[in-house]
file data-v9.tsv (TSV, C-alpha atoms)
chain	number	residue	atom	x	y	z
Q	21	ALA	CA	177.32	-44.48	27.84
Q	22	ARG	CA	176.79	-42.96	24.38
Q	23	LEU	CA	175.20	-39.91	26.01
Q	24	GLN	CA	178.18	-39.60	28.42
Q	25	LEU	CA	175.86	-39.70	31.43
Q	26	PRO	CA	177.45	-40.66	34.74
Q	27	LEU	CA	176.81	-44.20	36.00
Q	28	TRP	CA	176.77	-45.27	39.63
Q	29	ASN	CA	178.99	-48.18	40.50
Q	30	LYS	CA	177.89	-50.91	42.91
Q	31	ASN	CA	179.08	-48.91	45.94
Q	32	ARG	CA	176.61	-46.06	45.64
Q	33	PRO	CA	176.63	-43.43	48.33
Q	34	THR	CA	173.64	-43.33	50.66
Q	35	LEU	CA	171.97	-39.95	51.12
Q	36	LEU	CA	170.23	-39.03	54.37
Q	37	GLY	CA	167.48	-36.49	53.77
Q	38	TRP	CA	166.65	-34.14	56.65
Q	39	VAL	CA	163.95	-31.92	55.14
Q	40	MET	CA	161.93	-29.59	57.37
Q	41	LEU	CA	158.60	-28.19	56.22
Q	42	ASP	CA	157.82	-24.82	57.82
Q	43	SER	CA	154.28	-23.49	57.52
Q	44	LYS	CA	152.65	-20.79	59.62
Q	45	ASP	CA	151.34	-23.35	62.11
Q	46	GLN	CA	154.15	-25.85	62.53
Q	47	GLN	CA	157.57	-27.19	61.62
Q	48	THR	CA	157.88	-30.86	60.75
Q	49	VAL	CA	160.73	-33.00	59.45
Q	50	ILE	CA	159.77	-35.44	56.71
Q	51	THR	CA	159.97	-39.04	57.90
Q	52	GLU	CA	158.98	-42.32	56.29
Q	53	ASP	CA	155.61	-42.01	58.03
Q	54	GLN	CA	154.64	-38.92	56.00
Q	55	SER	CA	153.60	-40.86	52.95
Q	56	THR	CA	153.12	-38.16	50.31
Q	57	GLU	CA	156.34	-36.18	50.78
Q	58	ALA	CA	158.42	-39.20	51.80
Q	59	ASP	CA	157.19	-41.26	48.85
Q	60	LEU	CA	158.00	-38.42	46.48
Q	61	LEU	CA	161.58	-38.06	47.77
Q	62	GLU	CA	162.15	-41.79	47.92
Q	63	GLU	CA	160.79	-42.35	44.41
Q	64	GLN	CA	162.90	-39.54	42.96
Q	65	ALA	CA	166.04	-40.97	44.59
Q	66	LYS	CA	165.13	-44.44	43.35
Q	67	GLN	CA	164.66	-43.17	39.78
Q	68	ARG	CA	168.11	-41.62	39.99
Q	69	GLY	CA	169.58	-44.87	41.38
Q	70	LEU	CA	170.51	-43.63	44.85
Q	71	PRO	CA	169.74	-45.16	48.27
Q	72	PHE	CA	167.87	-42.64	50.44
Q	73	LEU	CA	167.30	-42.58	54.21
Q	74	PHE	CA	164.95	-40.60	56.43
Q	75	PRO	CA	165.65	-39.65	60.05
Q	76	LEU	CA	163.93	-41.58	62.82
Q	77	MET	CA	163.07	-38.37	64.68
Q	78	ASP	CA	163.50	-40.01	68.06
Q	79	LEU	CA	164.68	-38.12	71.14
Q	80	GLU	CA	168.34	-38.24	70.07
Q	81	ASP	CA	167.52	-36.77	66.64
Q	82	LEU	CA	165.32	-34.07	68.14
Q	83	THR	CA	168.02	-32.91	70.53
Q	84	THR	CA	170.90	-33.17	68.04
Q	85	LEU	CA	169.58	-31.34	64.98
Q	86	THR	CA	167.05	-28.76	66.12
Q	87	ALA	CA	164.86	-26.59	63.90
Q	88	ALA	CA	167.06	-23.58	64.71
Q	89	ALA	CA	170.18	-25.53	63.62
Q	90	VAL	CA	168.48	-26.45	60.33
Q	91	ILE	CA	167.42	-22.84	59.66
Q	92	ASN	CA	170.87	-21.45	60.55
Q	93	GLY	CA	172.79	-24.09	58.57
Q	94	ALA	CA	174.74	-25.37	61.59
Q	95	LYS	CA	177.40	-27.90	60.53
Q	96	GLU	CA	178.33	-29.69	63.77
Q	97	PRO	CA	174.86	-31.17	64.45
Q	98	VAL	CA	174.78	-32.47	60.87
Q	99	ARG	CA	178.15	-34.18	61.38
Q	100	GLN	CA	176.78	-35.84	64.52
Q	101	ILE	CA	173.67	-37.00	62.67
Q	102	ALA	CA	175.76	-38.34	59.78
Q	103	LYS	CA	177.89	-40.29	62.24
Q	104	ARG	CA	174.81	-41.66	63.98
Q	105	TYR	CA	173.29	-42.93	60.73
Q	106	GLY	CA	176.61	-44.10	59.28
Q	107	VAL	CA	176.41	-41.93	56.16
Q	108	LYS	CA	178.85	-39.50	54.55
Q	109	HIS	CA	176.26	-37.43	52.71
Q	110	VAL	CA	173.38	-35.48	54.24
Q	111	LEU	CA	170.86	-33.24	52.49
Q	112	VAL	CA	169.35	-30.71	54.89
Q	113	GLY	CA	166.44	-28.70	53.55
Q	114	TRP	CA	164.27	-25.99	55.04
Q	115	LEU	CA	161.13	-25.34	52.99
Q	116	LEU	CA	159.17	-22.28	54.09
Q	117	LYS	CA	155.53	-21.82	53.00
Q	118	THR	CA	155.04	-18.26	51.72
Q	119	LEU	CA	152.29	-16.42	49.89
Q	120	ASN	CA	154.11	-17.18	46.63
Q	121	GLY	CA	154.66	-20.89	47.20
Q	122	TRP	CA	157.62	-22.63	48.84
Q	123	GLN	CA	161.04	-21.09	49.38
Q	124	GLY	CA	163.76	-23.63	50.00
Q	125	GLN	CA	167.14	-23.32	51.64
Q	126	TRP	CA	169.25	-26.44	51.04
Q	127	HIS	CA	172.61	-27.60	52.37
Q	128	LEU	CA	174.29	-30.68	50.97
Q	129	TYR	CA	177.04	-32.04	53.20
Q	130	LEU	CA	179.47	-34.24	51.27
Q	131	ALA	CA	181.94	-35.70	53.76
Q	132	GLU	CA	184.10	-32.59	54.46
Q	133	GLU	CA	182.50	-30.37	51.82
Q	134	GLU	CA	179.31	-28.30	52.00
Q	135	MET	CA	177.22	-26.92	49.18
Q	136	ALA	CA	174.30	-24.53	49.66
Q	137	PHE	CA	171.56	-23.61	47.20
Q	138	ASN	CA	168.09	-22.09	47.23
Q	139	SER	CA	164.85	-22.96	45.48
Q	140	ASN	CA	161.58	-21.17	44.90
Q	141	GLN	CA	158.61	-23.15	43.64
Q	142	LEU	CA	154.84	-22.72	43.65
Q	143	GLN	CA	154.17	-26.33	44.66
Q	144	LEU	CA	155.73	-28.28	47.51
Q	145	GLU	CA	156.25	-31.30	45.25
Q	146	ASP	CA	158.27	-29.22	42.79
Q	147	ALA	CA	160.41	-27.78	45.60
Q	148	LEU	CA	161.18	-31.26	46.94
Q	149	ILE	CA	162.04	-32.62	43.51
Q	150	GLU	CA	164.30	-29.66	42.74
Q	151	GLY	CA	166.15	-30.06	46.03
Q	152	ILE	CA	166.79	-33.78	45.78
Q	153	ASN	CA	167.69	-33.61	42.08
Q	154	ARG	CA	170.28	-30.89	42.66
Q	155	ALA	CA	171.75	-32.91	45.52
Q	156	ILE	CA	171.92	-36.09	43.43
Q	157	ASP	CA	173.47	-34.16	40.53
Q	158	GLU	CA	176.25	-32.97	42.85
Q	159	LEU	CA	176.77	-36.47	44.25
Q	160	ALA	CA	176.90	-37.87	40.71
Q	161	LYS	CA	179.60	-35.36	39.75
Q	162	ARG	CA	181.75	-36.66	42.58
Q	163	SER	CA	180.85	-40.34	42.88
Q	164	ALA	CA	179.52	-41.62	39.56
Q	165	THR	CA	181.77	-42.36	36.61
Q	166	THR	CA	181.39	-41.52	32.96
Q	167	ILE	CA	182.39	-44.28	30.59
Q	168	PRO	CA	184.31	-43.02	27.55
Q	169	VAL	CA	182.78	-44.42	24.39
Q	170	GLU	CA	183.70	-44.03	20.76
Q	171	PRO	CA	180.85	-42.24	19.00
Q	172	SER	CA	178.78	-44.74	17.09
Q	173	PRO	CA	175.92	-44.26	14.66
Q	174	PRO	CA	172.41	-44.91	15.94
Q	175	LEU	CA	171.09	-48.41	15.37
Q	176	TRP	CA	167.88	-47.24	13.77
Q	177	GLY	CA	167.71	-46.29	10.12
Q	178	THR	CA	171.29	-47.34	9.28
Q	179	GLY	CA	170.84	-51.00	8.50
Q	180	ALA	CA	172.94	-51.94	11.54
Q	181	THR	CA	171.97	-55.00	13.53
Q	182	VAL	CA	172.26	-55.89	17.17
Q	183	GLU	CA	174.38	-58.95	17.92
Q	184	GLU	CA	173.58	-61.38	20.66
Q	185	ILE	CA	176.38	-62.98	22.60
Q	186	GLU	CA	175.77	-66.34	24.17
Q	187	VAL	CA	177.58	-67.29	27.37
Q	188	LEU	CA	177.94	-70.96	28.25
Q	189	VAL	CA	178.62	-71.82	31.88
Q	190	THR	CA	179.64	-75.40	32.65
Q	191	GLY	CA	180.33	-77.31	35.84
Q	192	VAL	CA	177.06	-76.39	37.58
Q	193	PRO	CA	175.94	-79.72	39.09
Q	194	THR	CA	173.09	-78.65	41.40
Q	195	LEU	CA	170.16	-76.27	41.43
Q	196	ARG	CA	171.77	-74.40	44.33
Q	197	ASP	CA	174.95	-73.89	42.24
Q	198	TYR	CA	172.82	-72.71	39.33
Q	199	ALA	CA	171.12	-70.14	41.59
Q	200	LYS	CA	174.52	-68.90	42.80
Q	201	VAL	CA	175.82	-68.50	39.23
Q	202	SER	CA	172.61	-66.80	38.15
Q	203	ASP	CA	172.74	-64.37	41.10
Q	204	TYR	CA	176.39	-63.63	40.38
Q	205	LEU	CA	175.76	-62.85	36.71
Q	206	LYS	CA	172.83	-60.59	37.60
Q	207	SER	CA	175.00	-58.71	40.10
Q	208	LEU	CA	177.61	-57.74	37.52
Q	209	THR	CA	177.62	-54.12	36.42
call {"tool": "encode", "arguments": {"input": "data-v9.tsv", "output": "structure tokens"}}
result
Amino acid sequence: ARLQLPLWNKNRPTLLGWVMLDSKDQQTVITEDQSTEADLLEEQAKQRGLPFLFPLMDLEDLTTLTAAAVINGAKEPVRQIAKRYGVKHVLVGWLLKTLNGWQGQWHLYLAEEEMAFNSNQLQLEDALIEGINRAIDELAKRSATTIPVEPSPPLWGTGATVEEIEVLVTGVPTLRDYAKVSDYLKSLT
């Protein structure tokens, strides 16, 4: 809060990532089964506090959002995919392997809004991280909140102390009630 960074509330938006890797030989969409790329995207989203989904790539997906639609930035297939997965936000990426690394063309669909950006990285990992971070930054601008805080001096080197506040909860007769209260307190933002 002191740094004025945006914070997600409990109702965080879910982001569906439809990222196509295009090398000379083949075009593939990253799914949960592709451990290296999928793990990288999922971990980056997790670090940024955002739920992230991958497409199933079943017959319906393959016929709805084709490689040509991804490359051309077609909007209608993305709307159909968003509806199918029950999400409002979809990140569509096309990463092309070139002699100089990976060129990325990204489209972030935010409900009725679309944002496009490009990336150019030597390593695939860097291209994926850049794409998802830019998408999450845009989502944070629209969905996360910044808490206004009075500037306060740092706690170190000023002689200031940290106070502990004790909360006493009464009327908890059973272990099950205790678990409910404990879960409730942990769920508070």
call {"tool": "residues_around", "arguments": {"input": "data-v9.tsv", "residues": "stretch 153-160 of chain Q", "least_positions_apart": "2", "cutoff": "9 Å", "atoms": "all atoms listed in the file", "output": "list in words"}}
result
Pro26, Leu27, Trp28, Pro33, Leu35, Gln64, Ala65, Arg68, Leu70, His109, Leu111, Trp126, His127, Leu128, Leu130, Met135, Phe137, Leu148, Ile149, Glu150, Gly151, Arg162, Ser163, Ala164 and Thr165 of chain Q
call {"tool": "write_last_selection", "arguments": {"input": "data-v9.tsv", "atoms": "C-alpha atoms", "output": "PDB file, in the coordinates of the input"}}
result
ATOM      1  CA  PRO Q  26     177.450 -40.660  34.740  1.00  0.00           C
ATOM      2  CA  LEU Q  27     176.810 -44.200  36.000  1.00  0.00           C
ATOM      3  CA  TRP Q  28     176.770 -45.270  39.630  1.00  0.00           C
ATOM      4  CA  PRO Q  33     176.630 -43.430  48.330  1.00  0.00           C
ATOM      5  CA  LEU Q  35     171.970 -39.950  51.120  1.00  0.00           C
ATOM      6  CA  GLN Q  64     162.900 -39.540  42.960  1.00  0.00           C
ATOM      7  CA  ALA Q  65     166.040 -40.970  44.590  1.00  0.00           C
ATOM      8  CA  ARG Q  68     168.110 -41.620  39.990  1.00  0.00           C
ATOM      9  CA  LEU Q  70     170.510 -43.630  44.850  1.00  0.00           C
ATOM     10  CA  HIS Q 109     176.260 -37.430  52.710  1.00  0.00           C
ATOM     11  CA  LEU Q 111     170.860 -33.240  52.490  1.00  0.00           C
ATOM     12  CA  TRP Q 126     169.250 -26.440  51.040  1.00  0.00           C
ATOM     13  CA  HIS Q 127     172.610 -27.600  52.370  1.00  0.00           C
ATOM     14  CA  LEU Q 128     174.290 -30.680  50.970  1.00  0.00           C
ATOM     15  CA  LEU Q 130     179.470 -34.240  51.270  1.00  0.00           C
ATOM     16  CA  MET Q 135     177.220 -26.920  49.180  1.00  0.00           C
ATOM     17  CA  PHE Q 137     171.560 -23.610  47.200  1.00  0.00           C
ATOM     18  CA  LEU Q 148     161.180 -31.260  46.940  1.00  0.00           C
ATOM     19  CA  ILE Q 149     162.040 -32.620  43.510  1.00  0.00           C
ATOM     20  CA  GLU Q 150     164.300 -29.660  42.740  1.00  0.00           C
ATOM     21  CA  GLY Q 151     166.150 -30.060  46.030  1.00  0.00           C
ATOM     22  CA  ARG Q 162     181.750 -36.660  42.580  1.00  0.00           C
ATOM     23  CA  SER Q 163     180.850 -40.340  42.880  1.00  0.00           C
ATOM     24  CA  ALA Q 164     179.520 -41.620  39.560  1.00  0.00           C
ATOM     25  CA  THR Q 165     181.770 -42.360  36.610  1.00  0.00           C
TER      26      THR Q 165
END
call {"tool": "atom_distance", "arguments": {"input": "data-v9.tsv", "atom1": "atom CA of Q:Ala102", "atom2": "atom CA of Q:Trp122"}}
result
26.4 Å
call {"tool": "atom_distance", "arguments": {"input": "data-v9.tsv", "atom1": "atom CA of Q:Arg104", "atom2": "atom CA of Q:Asn31"}}
result
19.9 Å
call {"tool": "closest_atom_pairs", "arguments": {"input": "data-v9.tsv", "of": "stretch 98-172 of chain Q", "to": "stretch 39-61 of chain Q", "cutoff": "9 Å", "atoms": "only C-alpha atoms", "output": "tab-separated table"}}
result
residue	atom	partner	partner_atom	distance
Q:Leu111	CA	Q:Val39	CA	7.5
Q:Val112	CA	Q:Val39	CA	5.5
Q:Gly113	CA	Q:Val39	CA	4.4
Q:Trp114	CA	Q:Met40	CA	4.9
Q:Leu115	CA	Q:Leu41	CA	5.0
Q:Leu116	CA	Q:Asp42	CA	4.7
Q:Lys117	CA	Q:Ser43	CA	5.0
Q:Thr118	CA	Q:Ser43	CA	7.8
Q:Trp126	CA	Q:Val39	CA	8.7
Q:Leu144	CA	Q:Glu57	CA	8.6
Q:Glu145	CA	Q:Glu57	CA	7.4
Q:Leu148	CA	Q:Leu61	CA	6.9
Q:Ile149	CA	Q:Leu61	CA	6.9
Q:Ile152	CA	Q:Leu61	CA	7.0
call {"tool": "write_last_selection", "arguments": {"input": "data-v9.tsv", "atoms": "C-alpha atoms", "output": "PDB file, keeping the file's coordinate frame"}}
result
ATOM      1  CA  LEU Q 111     170.860 -33.240  52.490  1.00  0.00           C
ATOM      2  CA  VAL Q 112     169.350 -30.710  54.890  1.00  0.00           C
ATOM      3  CA  GLY Q 113     166.440 -28.700  53.550  1.00  0.00           C
ATOM      4  CA  TRP Q 114     164.270 -25.990  55.040  1.00  0.00           C
ATOM      5  CA  LEU Q 115     161.130 -25.340  52.990  1.00  0.00           C
ATOM      6  CA  LEU Q 116     159.170 -22.280  54.090  1.00  0.00           C
ATOM      7  CA  LYS Q 117     155.530 -21.820  53.000  1.00  0.00           C
ATOM      8  CA  THR Q 118     155.040 -18.260  51.720  1.00  0.00           C
ATOM      9  CA  TRP Q 126     169.250 -26.440  51.040  1.00  0.00           C
ATOM     10  CA  LEU Q 144     155.730 -28.280  47.510  1.00  0.00           C
ATOM     11  CA  GLU Q 145     156.250 -31.300  45.250  1.00  0.00           C
ATOM     12  CA  LEU Q 148     161.180 -31.260  46.940  1.00  0.00           C
ATOM     13  CA  ILE Q 149     162.040 -32.620  43.510  1.00  0.00           C
ATOM     14  CA  ILE Q 152     166.790 -33.780  45.780  1.00  0.00           C
TER      15      ILE Q 152
END
call {"tool": "atom_distance", "arguments": {"input": "data-v9.tsv", "atom1": "atom CA of Q:Val187", "atom2": "atom CA of Q:Lys30"}}
result
22.6 Å
call {"tool": "closest_residue", "arguments": {"input": "data-v9.tsv", "among": "Q:Leu73, Q:Val189, Q:Val98, Q:Val107", "to": "Q:Leu85", "atoms": "only C-alpha atoms"}}
result
Q:Val98
call {"tool": "build_atoms", "arguments": {"input": "data-v9.tsv", "residues": "stretch 76-95 of chain Q", "atoms": "N, CA and C atoms", "output": "compact mmCIF listing (two decimals), in the frame of the given file"}}
result
# COMPACT_ATOMS: atom_id res chain seq x y z
N LEU Q 76 164.91 -40.92 61.96
CA LEU Q 76 163.93 -41.58 62.82
C LEU Q 76 163.09 -40.57 63.60
N MET Q 77 163.69 -39.43 63.89
CA MET Q 77 163.07 -38.37 64.68
C MET Q 77 162.72 -38.84 66.09
N ASP Q 78 163.64 -39.62 66.66
CA ASP Q 78 163.50 -40.01 68.06
C ASP Q 78 164.11 -38.91 68.92
N LEU Q 79 164.19 -39.15 70.22
CA LEU Q 79 164.68 -38.12 71.14
C LEU Q 79 166.10 -37.67 70.80
N GLU Q 80 166.97 -38.61 70.41
CA GLU Q 80 168.34 -38.24 70.07
C GLU Q 80 168.38 -37.32 68.85
N ASP Q 81 167.58 -37.64 67.83
CA ASP Q 81 167.52 -36.77 66.64
C ASP Q 81 167.00 -35.38 67.00
N LEU Q 82 165.95 -35.35 67.80
CA LEU Q 82 165.32 -34.07 68.14
C LEU Q 82 166.25 -33.15 68.94
N THR Q 83 167.11 -33.74 69.74
CA THR Q 83 168.02 -32.91 70.53
C THR Q 83 169.32 -32.59 69.78
N THR Q 84 169.66 -33.39 68.76
CA THR Q 84 170.90 -33.17 68.04
C THR Q 84 170.75 -32.11 66.95
N LEU Q 85 169.77 -32.27 66.09
CA LEU Q 85 169.58 -31.34 64.98
C LEU Q 85 168.23 -30.65 65.15
N THR Q 86 168.26 -29.51 65.81
CA THR Q 86 167.05 -28.76 66.12
C THR Q 86 166.60 -27.95 64.91
N ALA Q 87 165.38 -27.44 64.98
CA ALA Q 87 164.86 -26.59 63.90
C ALA Q 87 165.74 -25.36 63.71
N ALA Q 88 166.19 -24.76 64.80
CA ALA Q 88 167.06 -23.58 64.71
C ALA Q 88 168.38 -23.93 64.00
N ALA Q 89 168.93 -25.11 64.27
CA ALA Q 89 170.18 -25.53 63.62
C ALA Q 89 169.96 -25.72 62.13
N VAL Q 90 168.80 -26.27 61.75
CA VAL Q 90 168.48 -26.45 60.33
C VAL Q 90 168.38 -25.09 59.64
N ILE Q 91 167.64 -24.17 60.25
CA ILE Q 91 167.42 -22.84 59.66
C ILE Q 91 168.73 -22.07 59.54
N ASN Q 92 169.60 -22.20 60.53
CA ASN Q 92 170.87 -21.45 60.55
C ASN Q 92 172.00 -22.16 59.81
N GLY Q 93 171.76 -23.37 59.32
CA GLY Q 93 172.79 -24.09 58.57
C GLY Q 93 173.96 -24.54 59.43
N ALA Q 94 173.69 -24.93 60.67
CA ALA Q 94 174.74 -25.37 61.59
C ALA Q 94 175.37 -26.68 61.10
N LYS Q 95 176.69 -26.73 61.07
CA LYS Q 95 177.40 -27.90 60.53
C LYS Q 95 177.62 -29.01 61.55
